[in-house]
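A.B. asks: Quick one, run-v6.cif (mmCIF, C-alpha atoms; chains and numbers go by the auth columns):
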```cif
data_query
#
loop_
_atom_site.group_PDB
_atom_site.id
_atom_site.type_symbol
_atom_site.label_atom_id
_atom_site.label_comp_id
_atom_site.label_asym_id
_atom_site.label_seq_id
_atom_site.Cartn_x
_atom_site.Cartn_y
_atom_site.Cartn_z
_atom_site.B_iso_or_equiv
_atom_site.auth_seq_id
_atom_site.auth_asym_id
ATOM 1 C CA MET A 1 12.287 -20.824 2.107 0.00 1 A
ATOM 2 C CA SER A 2 12.650 -20.044 5.769 0.00 2 A
ATOM 3 C CA SER A 3 10.276 -17.349 6.923 0.00 3 A
ATOM 4 C CA GLU A 4 12.306 -16.648 10.057 0.00 4 A
ATOM 5 C CA LEU A 5 15.758 -15.573 8.871 0.00 5 A
ATOM 6 C CA PRO A 6 16.856 -13.030 6.269 0.00 6 A
ATOM 7 C CA TYR A 7 19.426 -14.189 3.755 0.00 7 A
ATOM 8 C CA CYS A 8 22.880 -12.792 3.187 0.00 8 A
ATOM 9 C CA CYS A 9 24.812 -11.519 0.215 0.00 9 A
ATOM 10 C CA THR A 10 28.584 -11.118 0.394 0.00 10 A
ATOM 11 C CA ALA A 11 29.914 -7.904 -1.097 0.00 11 A
ATOM 12 C CA THR A 12 33.439 -6.482 -1.421 0.00 12 A
ATOM 13 C CA GLY A 13 34.738 -3.056 -2.366 0.00 13 A
ATOM 14 C CA PRO A 14 32.718 0.166 -2.133 0.00 14 A
ATOM 15 C CA ASP A 15 29.038 -0.054 -1.341 0.00 15 A
ATOM 16 C CA PRO A 16 26.668 0.049 -4.320 0.00 16 A
ATOM 17 C CA PRO A 17 24.297 3.042 -4.254 0.00 17 A
ATOM 18 C CA TRP A 18 21.356 0.933 -3.032 0.00 18 A
ATOM 19 C CA ILE A 19 23.102 -0.269 0.118 0.00 19 A
ATOM 20 C CA SER A 20 23.462 2.100 3.051 0.00 20 A
ATOM 21 C CA GLY A 21 26.798 2.159 4.850 0.00 21 A
ATOM 22 C CA LEU A 22 27.404 0.417 8.127 0.00 22 A
ATOM 23 C CA ASP A 23 27.229 2.456 11.303 0.00 23 A
ATOM 24 C CA SER A 24 30.915 2.727 12.159 0.00 24 A
ATOM 25 C CA SER A 25 30.114 3.980 15.662 0.00 25 A
ATOM 26 C CA ASN A 26 28.796 0.538 16.577 0.00 26 A
ATOM 27 C CA SER A 27 31.172 -1.622 14.551 0.00 27 A
ATOM 28 C CA SER A 28 33.751 -2.364 17.301 0.00 28 A
ATOM 29 C CA TRP A 29 33.689 -4.128 20.655 0.00 29 A
ATOM 30 C CA GLU A 30 36.046 -4.995 23.526 0.00 30 A
ATOM 31 C CA LEU A 31 37.200 -8.359 24.804 0.00 31 A
ATOM 32 C CA VAL A 32 37.984 -8.560 28.514 0.00 32 A
ATOM 33 C CA SER A 33 40.983 -10.822 29.173 0.00 33 A
ATOM 34 C CA ALA A 34 41.464 -13.046 32.177 0.00 34 A
ATOM 35 C CA GLY A 35 43.505 -10.274 33.798 0.00 35 A
ATOM 36 C CA GLY A 36 40.574 -7.894 33.562 0.00 36 A
ATOM 37 C CA GLN A 37 42.210 -5.538 31.031 0.00 37 A
ATOM 38 C CA PRO A 38 40.165 -4.739 27.937 0.00 38 A
ATOM 39 C CA GLU A 39 41.727 -5.363 24.559 0.00 39 A
ATOM 40 C CA SER A 40 40.607 -3.611 21.416 0.00 40 A
ATOM 41 C CA ASP A 41 39.184 -5.954 18.850 0.00 41 A
ATOM 42 C CA PRO A 42 41.301 -5.865 15.668 0.00 42 A
ATOM 43 C CA ALA A 43 39.725 -4.321 12.623 0.00 43 A
ATOM 44 C CA PRO A 44 37.777 -6.945 10.640 0.00 44 A
ATOM 45 C CA THR A 45 39.337 -8.207 7.451 0.00 45 A
ATOM 46 C CA GLY A 46 37.812 -9.897 4.433 0.00 46 A
ATOM 47 C CA PRO A 47 34.406 -9.441 2.812 0.00 47 A
ATOM 48 C CA VAL A 48 31.529 -7.982 4.820 0.00 48 A
ATOM 49 C CA LYS A 49 28.199 -9.750 4.721 0.00 49 A
ATOM 50 C CA ARG A 50 25.225 -7.572 3.882 0.00 50 A
ATOM 51 C CA VAL A 51 21.868 -8.746 5.166 0.00 51 A
ATOM 52 C CA PHE A 52 19.007 -8.132 2.760 0.00 52 A
ATOM 53 C CA LYS A 53 15.354 -7.981 3.741 0.00 53 A
ATOM 54 C CA THR A 54 13.007 -10.446 2.082 0.00 54 A
ATOM 55 C CA GLY A 55 9.338 -9.744 1.518 0.00 55 A
ATOM 56 C CA GLN A 56 8.582 -11.874 4.568 0.00 56 A
ATOM 57 C CA ASP A 57 11.007 -9.801 6.662 0.00 57 A
ATOM 58 C CA CYS A 58 9.345 -6.588 5.501 0.00 58 A
ATOM 59 C CA LYS A 59 5.913 -7.912 6.418 0.00 59 A
ATOM 60 C CA GLU A 60 6.986 -9.109 9.868 0.00 60 A
ATOM 61 C CA GLN A 61 8.721 -5.794 10.602 0.00 61 A
ATOM 62 C CA SER A 62 6.112 -3.601 8.844 0.00 62 A
ATOM 63 C CA VAL A 63 8.845 -2.202 6.594 0.00 63 A
ATOM 64 C CA VAL A 64 8.309 -0.678 3.152 0.00 64 A
ATOM 65 C CA LEU A 65 11.408 -0.004 1.062 0.00 65 A
ATOM 66 C CA ALA A 66 11.769 3.612 -0.021 0.00 66 A
ATOM 67 C CA LEU A 67 11.441 4.223 -3.753 0.00 67 A
ATOM 68 C CA ASP A 68 11.990 7.686 -5.190 0.00 68 A
ATOM 69 C CA LEU A 69 10.637 8.089 -8.701 0.00 69 A
ATOM 70 C CA SER A 70 10.575 11.329 -10.635 0.00 70 A
ATOM 71 C CA ALA A 71 7.370 12.309 -12.399 0.00 71 A
ATOM 72 C CA THR A 72 9.018 11.369 -15.706 0.00 72 A
ATOM 73 C CA GLN A 73 10.054 7.922 -14.438 0.00 73 A
ATOM 74 C CA ALA A 74 6.576 7.253 -13.093 0.00 74 A
ATOM 75 C CA GLU A 75 4.993 8.277 -16.396 0.00 75 A
ATOM 76 C CA GLU A 76 7.357 6.038 -18.390 0.00 76 A
ATOM 77 C CA LEU A 77 6.611 3.122 -16.079 0.00 77 A
ATOM 78 C CA LEU A 78 2.860 3.575 -16.405 0.00 78 A
ATOM 79 C CA ARG A 79 3.206 3.601 -20.198 0.00 79 A
ATOM 80 C CA ALA A 80 4.966 0.211 -20.100 0.00 80 A
ATOM 81 C CA SER A 81 1.941 -1.985 -20.748 0.00 81 A
ATOM 82 C CA THR A 82 3.680 -5.249 -21.690 0.00 82 A
ATOM 83 C CA LEU A 83 5.876 -7.645 -19.751 0.00 83 A
ATOM 84 C CA THR A 84 8.729 -7.094 -22.196 0.00 84 A
ATOM 85 C CA GLN A 85 8.618 -3.343 -21.644 0.00 85 A
ATOM 86 C CA LEU A 86 8.537 -3.802 -17.875 0.00 86 A
ATOM 87 C CA GLY A 87 11.744 -5.823 -18.096 0.00 87 A
ATOM 88 C CA ASP A 88 13.611 -2.712 -19.246 0.00 88 A
ATOM 89 C CA PHE A 89 13.327 -1.017 -15.844 0.00 89 A
ATOM 90 C CA ASN A 90 15.651 -1.489 -12.884 0.00 90 A
ATOM 91 C CA PHE A 91 15.174 0.168 -9.500 0.00 91 A
ATOM 92 C CA ASP A 92 18.343 -0.013 -7.415 0.00 92 A
ATOM 93 C CA GLN A 93 16.449 0.779 -4.218 0.00 93 A
ATOM 94 C CA LEU A 94 14.516 -2.472 -4.608 0.00 94 A
ATOM 95 C CA LEU A 95 17.545 -4.747 -4.918 0.00 95 A
ATOM 96 C CA ASP A 96 16.344 -6.695 -1.859 0.00 96 A
ATOM 97 C CA LEU A 97 13.146 -7.620 -3.659 0.00 97 A
ATOM 98 C CA TYR A 98 14.771 -8.595 -6.950 0.00 98 A
ATOM 99 C CA LEU A 99 16.934 -11.058 -4.968 0.00 99 A
ATOM 100 C CA ASP A 100 14.135 -12.452 -2.792 0.00 100 A
ATOM 101 C CA PRO A 101 14.360 -16.283 -2.881 0.00 101 A
ATOM 102 C CA GLU A 102 10.563 -16.507 -2.830 0.00 102 A
ATOM 103 C CA LEU A 103 10.529 -15.251 -6.420 0.00 103 A
ATOM 104 C CA LYS A 104 12.461 -18.335 -7.492 0.00 104 A
ATOM 105 C CA THR A 105 9.380 -20.411 -6.676 0.00 105 A
ATOM 106 C CA ALA A 106 7.141 -18.202 -8.827 0.00 106 A
ATOM 107 C CA PHE A 107 6.815 -18.580 -12.584 0.00 107 A
ATOM 108 C CA GLY A 108 8.411 -15.856 -14.678 0.00 108 A
ATOM 109 C CA ASP A 109 11.235 -13.334 -14.459 0.00 109 A
ATOM 110 C CA SER A 110 11.724 -11.776 -11.017 0.00 110 A
ATOM 111 C CA THR A 111 12.623 -8.361 -12.455 0.00 111 A
ATOM 112 C CA ILE A 112 9.417 -8.236 -14.474 0.00 112 A
ATOM 113 C CA ARG A 113 7.361 -9.339 -11.479 0.00 113 A
ATOM 114 C CA ILE A 114 8.762 -6.646 -9.195 0.00 114 A
ATOM 115 C CA ASN A 115 8.504 -3.908 -11.834 0.00 115 A
ATOM 116 C CA ARG A 116 4.936 -4.950 -12.627 0.00 116 A
ATOM 117 C CA ALA A 117 4.066 -4.617 -8.938 0.00 117 A
ATOM 118 C CA VAL A 118 5.755 -1.211 -8.690 0.00 118 A
ATOM 119 C CA ARG A 119 3.797 -0.003 -11.729 0.00 119 A
ATOM 120 C CA ALA A 120 0.536 -1.179 -10.164 0.00 120 A
ATOM 121 C CA GLY A 121 1.502 0.551 -6.926 0.00 121 A
ATOM 122 C CA VAL A 122 2.308 3.850 -8.627 0.00 122 A
ATOM 123 C CA SER A 123 -1.089 3.775 -10.323 0.00 123 A
ATOM 124 C CA ALA A 124 -2.807 2.805 -7.059 0.00 124 A
ATOM 125 C CA GLY A 125 -1.130 5.704 -5.279 0.00 125 A
ATOM 126 C CA HIS A 126 -2.483 8.149 -7.867 0.00 126 A
ATOM 127 C CA LYS A 127 -6.015 6.867 -7.334 0.00 127 A
ATOM 128 C CA LEU A 128 -5.613 6.795 -3.564 0.00 128 A
ATOM 129 C CA ARG A 129 -4.625 10.460 -3.555 0.00 129 A
ATOM 130 C CA GLY A 130 -7.558 11.392 -5.801 0.00 130 A
ATOM 131 C CA GLU A 131 -5.370 12.310 -8.783 0.00 131 A
ATOM 132 C CA VAL A 132 -7.185 9.866 -11.085 0.00 132 A
ATOM 133 C CA HIS A 133 -10.413 7.869 -10.973 0.00 133 A
ATOM 134 C CA GLY A 134 -9.060 4.520 -12.131 0.00 134 A
ATOM 135 C CA VAL A 135 -5.886 2.446 -12.239 0.00 135 A
ATOM 136 C CA VAL A 136 -3.878 0.968 -15.097 0.00 136 A
ATOM 137 C CA LYS A 137 -4.436 -2.698 -15.862 0.00 137 A
ATOM 138 C CA SER A 138 -1.526 -4.998 -15.027 0.00 138 A
ATOM 139 C CA PRO A 139 -0.373 -7.253 -17.892 0.00 139 A
ATOM 140 C CA SER A 140 -1.073 -10.934 -17.235 0.00 140 A
ATOM 141 C CA LEU A 141 1.899 -12.972 -16.107 0.00 141 A
ATOM 142 C CA SER A 142 1.022 -16.553 -16.982 0.00 142 A
ATOM 143 C CA ARG A 143 -1.598 -19.190 -16.478 0.00 143 A
ATOM 144 C CA TYR A 144 0.883 -20.769 -14.067 0.00 144 A
ATOM 145 C CA SER A 145 0.602 -17.869 -11.620 0.00 145 A
ATOM 146 C CA SER A 146 -0.836 -18.772 -8.245 0.00 146 A
ATOM 147 C CA THR A 147 -2.154 -15.808 -6.280 0.00 147 A
ATOM 148 C CA ARG A 148 -1.362 -16.063 -2.579 0.00 148 A
ATOM 149 C CA TRP A 149 -1.592 -12.485 -1.279 0.00 149 A
ATOM 150 C CA TYR A 150 -4.271 -9.828 -1.554 0.00 150 A
ATOM 151 C CA ILE A 151 -3.465 -6.219 -0.731 0.00 151 A
ATOM 152 C CA CYS A 152 -6.118 -3.510 -0.366 0.00 152 A
ATOM 153 C CA LEU A 153 -5.205 0.117 0.239 0.00 153 A
ATOM 154 C CA ARG A 154 -8.800 1.312 0.519 0.00 154 A
ATOM 155 C CA SER A 155 -12.342 0.057 0.074 0.00 155 A
ATOM 156 C CA PRO A 156 -15.774 1.223 1.294 0.00 156 A
ATOM 157 C CA LEU A 157 -15.839 -1.626 3.824 0.00 157 A
ATOM 158 C CA SER A 158 -12.209 -1.178 4.844 0.00 158 A
ATOM 159 C CA PRO A 159 -11.147 2.485 4.588 0.00 159 A
ATOM 160 C CA SER A 160 -7.722 1.830 6.116 0.00 160 A
ATOM 161 C CA GLY A 161 -7.057 -1.139 3.849 0.00 161 A
ATOM 162 C CA PHE A 162 -5.743 -4.605 4.696 0.00 162 A
ATOM 163 C CA VAL A 163 -3.530 -7.454 3.561 0.00 163 A
ATOM 164 C CA THR A 164 -4.671 -11.067 3.620 0.00 164 A
ATOM 165 C CA SER A 165 -3.955 -14.478 2.171 0.00 165 A
ATOM 166 C CA CYS A 166 -7.650 -15.410 2.281 0.00 166 A
ATOM 167 C CA PHE A 167 -9.543 -14.927 -0.978 0.00 167 A
ATOM 168 C CA ARG A 168 -12.917 -14.995 0.795 0.00 168 A
ATOM 169 C CA THR A 169 -11.858 -12.159 3.102 0.00 169 A
ATOM 170 C CA TYR A 170 -10.547 -10.206 0.138 0.00 170 A
ATOM 171 C CA CYS A 171 -13.830 -10.500 -1.768 0.00 171 A
ATOM 172 C CA SER A 172 -15.969 -9.720 1.270 0.00 172 A
ATOM 173 C CA LYS A 173 -14.131 -6.417 1.774 0.00 173 A
ATOM 174 C CA THR A 174 -13.709 -5.261 -1.841 0.00 174 A
ATOM 175 C CA CYS A 175 -16.851 -6.429 -3.680 0.00 175 A
ATOM 176 C CA HIS A 176 -20.395 -5.109 -3.689 0.00 176 A
ATOM 177 C CA PRO A 177 -22.604 -6.900 -1.115 0.00 177 A
ATOM 178 C CA LYS A 178 -23.893 -10.221 -2.472 0.00 178 A
ATOM 179 C CA SER A 179 -21.896 -9.720 -5.649 0.00 179 A
ATOM 180 C CA THR A 180 -18.573 -10.739 -7.185 0.00 180 A
ATOM 181 C CA LYS A 181 -18.036 -7.323 -8.751 0.00 181 A
ATOM 182 C CA PHE A 182 -15.392 -5.079 -7.209 0.00 182 A
ATOM 183 C CA HIS A 183 -16.545 -1.757 -5.819 0.00 183 A
ATOM 184 C CA PRO A 184 -15.172 1.004 -8.111 0.00 184 A
ATOM 185 C CA ALA A 185 -13.949 3.058 -5.157 0.00 185 A
ATOM 186 C CA GLY A 186 -11.601 0.296 -4.020 0.00 186 A
ATOM 187 C CA VAL A 187 -7.828 0.313 -4.508 0.00 187 A
ATOM 188 C CA HIS A 188 -6.391 -3.197 -4.393 0.00 188 A
ATOM 189 C CA HIS A 189 -4.376 -5.892 -6.159 0.00 189 A
ATOM 190 C CA SER A 190 -3.337 -9.529 -5.793 0.00 190 A
ATOM 191 C CA PHE A 191 0.129 -11.081 -6.059 0.00 191 A
ATOM 192 C CA ASP A 192 1.907 -14.407 -5.878 0.00 192 A
ATOM 193 C CA THR A 193 4.651 -13.318 -3.448 0.00 193 A
ATOM 194 C CA LEU A 194 5.226 -10.969 -0.539 0.00 194 A
ATOM 195 C CA ALA A 195 8.134 -9.407 -2.438 0.00 195 A
ATOM 196 C CA GLU A 196 5.606 -8.152 -4.994 0.00 196 A
ATOM 197 C CA VAL A 197 3.341 -6.854 -2.226 0.00 197 A
ATOM 198 C CA VAL A 198 6.246 -4.811 -0.836 0.00 198 A
ATOM 199 C CA ALA A 199 7.023 -3.477 -4.333 0.00 199 A
ATOM 200 C CA TYR A 200 3.362 -2.474 -4.708 0.00 200 A
ATOM 201 C CA LEU A 201 3.439 -0.597 -1.386 0.00 201 A
ATOM 202 C CA ALA A 202 6.723 1.070 -2.353 0.00 202 A
ATOM 203 C CA GLY A 203 5.236 2.233 -5.650 0.00 203 A
ATOM 204 C CA ALA A 204 2.128 3.580 -3.919 0.00 204 A
ATOM 205 C CA LYS A 205 4.242 5.201 -1.168 0.00 205 A
ATOM 206 C CA VAL A 206 2.125 3.799 1.646 0.00 206 A
ATOM 207 C CA GLN A 207 2.817 1.723 4.732 0.00 207 A
ATOM 208 C CA TRP A 208 1.599 -1.774 5.543 0.00 208 A
ATOM 209 C CA PRO A 209 -2.131 -1.946 6.285 0.00 209 A
ATOM 210 C CA PRO A 210 -3.508 -4.279 8.997 0.00 210 A
ATOM 211 C CA GLU A 211 -3.453 -7.996 8.244 0.00 211 A
ATOM 212 C CA LEU A 212 -6.765 -9.852 8.189 0.00 212 A
ATOM 213 C CA ALA A 213 -7.313 -13.603 8.492 0.00 213 A
#
```
Transcribe the structure of this file into structure tokens.
C.D. replies:
Amino acid sequence: MSSELPYCCTATGPDPPWISGLDSSNSSWELVSAGGQPESDPAPTGPVKRVFKTGQDCKEQSVVLALDLSATQAEELLRASTLTQLGDFNFDQLLDLYLDPELKTAFGDSTIRINRAVRAGVSAGHKLRGEVHGVVKSPSLSRYSSTRWYICLRSPLSPSGFVTSCFRTYCSKTCHPKSTKFHPAGVHHSFDTLAEVVAYLAGAKVQWPPELA
């Protein structure tokens, strides 16, 4: 997958609720003819291409997709403790993440992966705000999972949090000194893809922390 360019999805008809409308004030332009007289560009016809943000795009632009969950929705999500139960949820505002091509390289269903990350983020947000002392445990995906990204929202050694792809850095900032045990005050998680990291941040309602090597 290219990490430079977002991918496109062609859509026709009225916009779905998760896609914001185009800014009509900037949707036209003028062509100056050889005689110097401007000509109005004809109205575009045919399907309009919608550009979706991948997890990589969100990271490069420090963007977190907005996710509005009611207290009831959040409670139902936190009660979903199995992968099968997580597959029953669908968050329209996270359509970009469900369609992220990076998820095609990861083992398992993309919907379950994103919903699992959102659930972990919602729980992390509760702990971050001091509403609870612990977080819910995420159901295991598969032995084929390959963790590539580590996201920390807070730890004693990194109060502002961080994101990294280095396991050694992750452990050095989240574990007790000279130990492999996580500090109980920390709020963090690990994921296979950046799409899941974005879903985690969306669930926690926080912005991207600094990236560490």
A.B. asks: So, with all atoms listed in the file as the atoms that count, which of A:Gly121, A:Gly108, A:Pro177, A:Pro159 lies closest to Leu141 (chain A)?
C.D. replies: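 Smallest distance to Leu141 (chain A) is found for A:Gly108.
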A.B. asks: Taking all atoms listed in the file into account, name the residue in A:Trp149, A:Ser70, A:Glu76, A:Lys137 that is nearest to Ala195 (chain A).
C.D. replies: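 Among A:Trp149, A:Ser70, A:Glu76, A:Lys137, it is A:Trp149 that comes nearest to Ala195 (chain A).
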A.B. asks: Which residues fall under the PyMOL selection byres ((chain A and resi 58) around 10) in this file, as a VMD selection string?
C.D. replies: chain A and resid 6 53 to 57 59 to 65 97 194 to 195 197 to 198 208
A.B. asks: Could you tell me how far CA of Ser190 (chain A) sits from CA of Cys166 (chain A), in Å to one decimal place?
C.D. replies: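 Answer for the CA of Cys166 (chain A) to CA of Ser190 (chain A) separation: 10.9 Å.
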A.B. asks: For region 164-180 of chain A, what centre and edge lengths in Å (one decimal) does the axis-aligned box get once 5 Å is added on each side of all its listed atoms, as AutoDock Vina command-line options?
C.D. replies:
```
--center_x -13.9 --center_y -10.3 --center_z -1.8 --size_x 29.9 --size_y 20.3 --size_z 20.8
```
A.B. asks: On this structure, which residues satisfy the PyMOL selection byres ((chain A and resi 170) around 12), written as a PDB file with C-alpha atoms, keeping the file's coordinate frame?
C.D. replies:
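Saved as result_29.pdb:
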```
ATOM      1  CA  THR A 147      -2.154 -15.808  -6.280  1.00  0.00           C
ATOM      2  CA  ARG A 148      -1.362 -16.063  -2.579  1.00  0.00           C
ATOM      3  CA  TRP A 149      -1.592 -12.485  -1.279  1.00  0.00           C
ATOM      4  CA  TYR A 150      -4.271  -9.828  -1.554  1.00  0.00           C
ATOM      5  CA  ILE A 151      -3.465  -6.219  -0.731  1.00  0.00           C
ATOM      6  CA  CYS A 152      -6.118  -3.510  -0.366  1.00  0.00           C
ATOM      7  CA  LEU A 153      -5.205   0.117   0.239  1.00  0.00           C
ATOM      8  CA  ARG A 154      -8.800   1.312   0.519  1.00  0.00           C
ATOM      9  CA  SER A 155     -12.342   0.057   0.074  1.00  0.00           C
ATOM     10  CA  LEU A 157     -15.839  -1.626   3.824  1.00  0.00           C
ATOM     11  CA  SER A 158     -12.209  -1.178   4.844  1.00  0.00           C
ATOM     12  CA  GLY A 161      -7.057  -1.139   3.849  1.00  0.00           C
ATOM     13  CA  PHE A 162      -5.743  -4.605   4.696  1.00  0.00           C
ATOM     14  CA  VAL A 163      -3.530  -7.454   3.561  1.00  0.00           C
ATOM     15  CA  THR A 164      -4.671 -11.067   3.620  1.00  0.00           C
ATOM     16  CA  SER A 165      -3.955 -14.478   2.171  1.00  0.00           C
ATOM     17  CA  CYS A 166      -7.650 -15.410   2.281  1.00  0.00           C
ATOM     18  CA  PHE A 167      -9.543 -14.927  -0.978  1.00  0.00           C
ATOM     19  CA  ARG A 168     -12.917 -14.995   0.795  1.00  0.00           C
ATOM     20  CA  THR A 169     -11.858 -12.159   3.102  1.00  0.00           C
ATOM     21  CA  CYS A 171     -13.830 -10.500  -1.768  1.00  0.00           C
ATOM     22  CA  SER A 172     -15.969  -9.720   1.270  1.00  0.00           C
ATOM     23  CA  LYS A 173     -14.131  -6.417   1.774  1.00  0.00           C
ATOM     24  CA  THR A 174     -13.709  -5.261  -1.841  1.00  0.00           C
ATOM     25  CA  CYS A 175     -16.851  -6.429  -3.680  1.00  0.00           C
ATOM     26  CA  HIS A 176     -20.395  -5.109  -3.689  1.00  0.00           C
ATOM     27  CA  THR A 180     -18.573 -10.739  -7.185  1.00  0.00           C
ATOM     28  CA  LYS A 181     -18.036  -7.323  -8.751  1.00  0.00           C
ATOM     29  CA  PHE A 182     -15.392  -5.079  -7.209  1.00  0.00           C
ATOM     30  CA  HIS A 183     -16.545  -1.757  -5.819  1.00  0.00           C
ATOM     31  CA  GLY A 186     -11.601   0.296  -4.020  1.00  0.00           C
ATOM     32  CA  VAL A 187      -7.828   0.313  -4.508  1.00  0.00           C
ATOM     33  CA  HIS A 188      -6.391  -3.197  -4.393  1.00  0.00           C
ATOM     34  CA  HIS A 189      -4.376  -5.892  -6.159  1.00  0.00           C
ATOM     35  CA  SER A 190      -3.337  -9.529  -5.793  1.00  0.00           C
ATOM     36  CA  GLU A 211      -3.453  -7.996   8.244  1.00  0.00           C
ATOM     37  CA  LEU A 212      -6.765  -9.852   8.189  1.00  0.00           C
ATOM     38  CA  ALA A 213      -7.313 -13.603   8.492  1.00  0.00           C
TER      39      ALA A 213
END
```
A.B. asks: Quick one, how far is CA of Asp192 (chain A) from CA of Ser146 (chain A)?
C.D. replies: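 Those two atoms sit 5.7 Å apart.
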A.B. asks: Closest to Phe52 (chain A) among A:Leu67, A:Leu95, A:Thr82, A:Asp88, using only C-alpha atoms?
C.D. replies: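 The answer is A:Leu95, which sits nearest to Phe52 (chain A).
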A.B. asks: Would you please work out which residue, of A:Thr72, A:Ser110, A:Asn115, A:Thr105, is nearest to Gln85 (chain A) when using all atoms listed in the file?
C.D. replies: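 With all atoms listed in the file as the atom set, the closest residue is A:Asn115.
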A.B. asks: Find, counting all atoms listed in the file, the residue in A:Ser81, A:Leu94, A:Asp109, A:Leu103 that gets nearest to Thr193 (chain A).
C.D. replies: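 For Thr193 (chain A), the nearest of the given residues is A:Leu103.
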